[in-house]
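Remarks on the structure that follows.
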Amino acid sequence: MIGSGKWHAEQAWLGRRAENVLIEVEGGRIKSVAEDMFAPPDAIALKGWTVPGFANVHSHAFQRLLRGEVESGASDFWAWRERMYRFTDWTAADYFKHARLVFREMLEAGITAVGEFHYLHGHGNELGEALIDAAVEEGIRLTLLDACYLRGGCDGRPLEPEQMPFSDGDADTWARRVDDLSDSDGVRIGAAIHSVRAVDPESMRIVATYARERGAPLHIHLAEQAGEVEECLASEGCTPAQLLEREGILGPDLTAVHAIHLDAPDVALLGAKQVTVCACPTTERDLGDLVGPLQALARAGCPLAVGSDSNAVIDVLEEARGIDLDQRRVLGRRVLHQPPELFAAATSNGMRALGWEAGELKPGMLADFVTLDEARGVWRELTPAYIVYGLSARDVTNVVVGGVTVVQK
Ligand SMILES: [Zn+2]
């Protein structure tokens, strides 16, 4: 994804609305952005609204298989998880094929970078490498968040048999295995602590140190379920967020996924440390998760991002508006976040959480941009509010990653 060329956008979002925007790309990065320009003959015309590429900060590609498979029979998160475990056994060849389809669906939804929170380690790095190969093949940026997963719960109980393939045995072995993976064009290796349930405090520190020594993104599932908070209180005498603070894990390089069951001191802690919070509204709905205190987190100082997580739905705009719409039904009020904040969650905040210099159309940034157009042909002036609330993944017509066109409809 190191392309060059010129694109001429009818309307583009440059932090404000601009018309007739000429975007010049060299070596995969934006060289210049100029508005009110005539289209030169060698420029590719982009009709509609051109915006920065969307970031999908939290995905488990394999869970795409559960779509439509787990919607009958009553259950809760833990029962869902039992069924999800049946979909974790893959050969590298099958996982490569599957991941290609998932990444293609993401590209067609305007996602130019994805964070794969990866814990299927039954074959060492084989499935991680399959994800890398699939991303390279399809042309999507990948941050492989390789997750350390060591135990069955906060009380230190052993893994269940179905969880065994997720584990490396200990954090040092996890680090040695991850060392065999390396960054390449369009691929970054990041680290993840699966959760406070699955990783003991000492091992958490090893993973965090590993990420920080390399300047790599660090992610964790945090307080998605009340059960995790109860377990943590019983074993550690503090909440999961407080445990992360105690162990020195919180920081602006950390992304906490879900962050639902938090009390006011937890919110203040995460905000003070500027931890990015990744909400996954469509998956959280699907799993019957409650709605997290996202407005309070944003006010406290947490940048927000979004992820498609289980991939029951792949639509970053639906996730972004879900941040606000889900809270409306809990709080009985409207517009808890201003549209530019939701737009940033879908773009710049997410790119930062994945370690990419993208998410804004300006010189020096990676040349990732997405064009949306309404089939109905209604001419509207581009605003973040209309993009977030008026459009969806289906309205994406053109996608460029690193100056290479990967979707053209
Ligand atoms: Zn997850």
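Convention: chains lettered A, B, ... in structure tokens order; per-chain residue numbering from 1; ligands numbered from 1 as shown.
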
List the spatial neighbours of Met106 in chain A as a compact mmCIF listing (two decimals) with C-alpha atoms, in the first residue's frame - criterion: any atom at most 9 Å away, only C-alpha atoms, same-chain residues fewer than 5 positions off excluded.
```txt
# COMPACT_ATOMS: atom_id res chain seq x y z
CA ASN A 56 -12.14 -0.56 13.33
CA LEU A 101 -13.66 -12.41 3.35
CA ILE A 111 -12.59 0.54 7.08
CA THR A 112 -8.95 1.12 6.15
CA ALA A 113 -7.38 -0.14 9.39
CA VAL A 114 -8.44 -2.93 11.71
CA ILE A 140 -6.34 -3.35 4.65
CA ILE A 314 -19.56 -4.44 10.14
CA ASP A 315 -20.38 -0.75 9.95
CA ALA A 393 -21.40 1.22 5.32
```

Spatial neighbours of range 265-281 of chain A, max dist 6 Å, only C-alpha atoms, sep filter under 6 positions, as a list of chain:residue names: A:Ala241, A:Gly251, A:Pro252, A:Leu254, A:Thr255, A:Ala256, A:Val257, A:His258, A:Leu297, A:Ala300, A:Gly301, A:Cys302, A:Pro303, A:Leu304, A:Ala305, A:Val306, A:Gly307, A:Ser308, A:Glu319, A:Gly322

Residues within 10 Å of range 155-172 of chain A, only C-alpha atoms, excluding chain neighbours under 3 positions, as number ranges by chain: A: 82, 85-86, 88-89, 118-124, 147-152, 175-178, 193-194, 197-200, 202-207, 210, 231-232, 234-236

Surrounding residues as an MDAnalysis selection string, ligand 1, max 7 Å, only C-alpha atoms and all ligand atoms: chainID A and resid 58:60 117 221 309:310

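Close contacts of range 215-219 of chain A, defined as residues with an atom at most 7 Å away when counting only C-alpha atoms, with chain neighbours fewer than 4 positions off set aside, comprise Ile189, Gly190, Ala191, Ala192, Ile193, Ala208, Ala211, Asp253, Leu254, Thr255, Ala256, Ala353, Leu354 and Gly355 of chain A.
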
List every residue of range 211-240 of chain A that DSSP, applied to the backbone of this structure, places in helix (DSSP H, G or I), and write the result as number ranges by chain. A: 211-214, 226-236, 240

6 Å contact set for Pro52 in chain A, only C-alpha atoms, chain neighbours under 3 positions out, as a ChimeraX atom specification: /A:359-361,369-370

Take the selection from the previous step and output its residues with N, CA, C and O atoms, as an mmCIF file, in the first residue's frame.
```cif
data_model
loop_
_atom_site.group_PDB
_atom_site.id
_atom_site.type_symbol
_atom_site.label_atom_id
_atom_site.label_comp_id
_atom_site.auth_asym_id
_atom_site.auth_seq_id
_atom_site.Cartn_x
_atom_site.Cartn_y
_atom_site.Cartn_z
ATOM 1 N N GLY A 359 -6.348 9.157 9.575
ATOM 2 C CA GLY A 359 -7.576 9.630 10.212
ATOM 3 C C GLY A 359 -7.843 11.099 9.968
ATOM 4 O O GLY A 359 -8.846 11.634 10.435
ATOM 5 N N GLU A 360 -6.965 11.767 9.233
ATOM 6 C CA GLU A 360 -7.199 13.159 8.853
ATOM 7 C C GLU A 360 -6.654 13.351 7.449
ATOM 8 O O GLU A 360 -5.617 12.758 7.102
ATOM 9 N N LEU A 361 -7.333 14.193 6.679
ATOM 10 C CA LEU A 361 -6.853 14.470 5.322
ATOM 11 C C LEU A 361 -5.956 15.695 5.376
ATOM 12 O O LEU A 361 -6.419 16.838 5.244
ATOM 13 N N PHE A 369 -8.438 7.206 2.461
ATOM 14 C CA PHE A 369 -9.677 7.983 2.404
ATOM 15 C C PHE A 369 -10.795 7.194 1.736
ATOM 16 O O PHE A 369 -10.573 6.293 0.934
ATOM 17 N N VAL A 370 -11.987 7.580 2.161
ATOM 18 C CA VAL A 370 -13.193 6.841 1.811
ATOM 19 C C VAL A 370 -14.192 7.815 1.211
ATOM 20 O O VAL A 370 -14.333 8.932 1.713
#
```

Can you pull out every residue within 7 Å of Ser4 in chain A, counting only C-alpha atoms, but drop anything in the same chain fewer than 3 positions away, and send it as number ranges by chain? A: 25-28, 403

Run DSSP on the backbone of this structure and report the residues of range 264-362 of chain A it assigns to strand (DSSP E), as an NGL selection string. :A and (276-279 or 304-306)

Mind checking which residues fall within 12 Å of range 70-80 of chain A, counting only C-alpha atoms, ignoring those fewer than 5 positions away in the same chain, and posting them as number ranges by chain? A: 63-65, 85-87, 224-228, 283-290, 310, 312

Among listed residues A:Gln338, A:Thr405, A:Leu250, A:Gly115, nearest Glu138 in chain A (using only C-alpha atoms): A:Thr405

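Considering only C-alpha atoms, the residue among A:Lys47, A:Arg17, A:His8, A:Arg246 positioned nearest to Thr397 in chain A is A:Lys47.
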
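Taking CA of Asp324 in chain A and CA of Ala346 in chain A as the two end points, the separation is 12.9 Å.
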
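The coordinates place CA of Tyr389 in chain A at 24.1 Å from CA of Val401 in chain A.
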
Using CA of Lys6 in chain A and CA of Pro40 in chain A as the two end points, give the distance in Å to one decimal. 8.5 Å
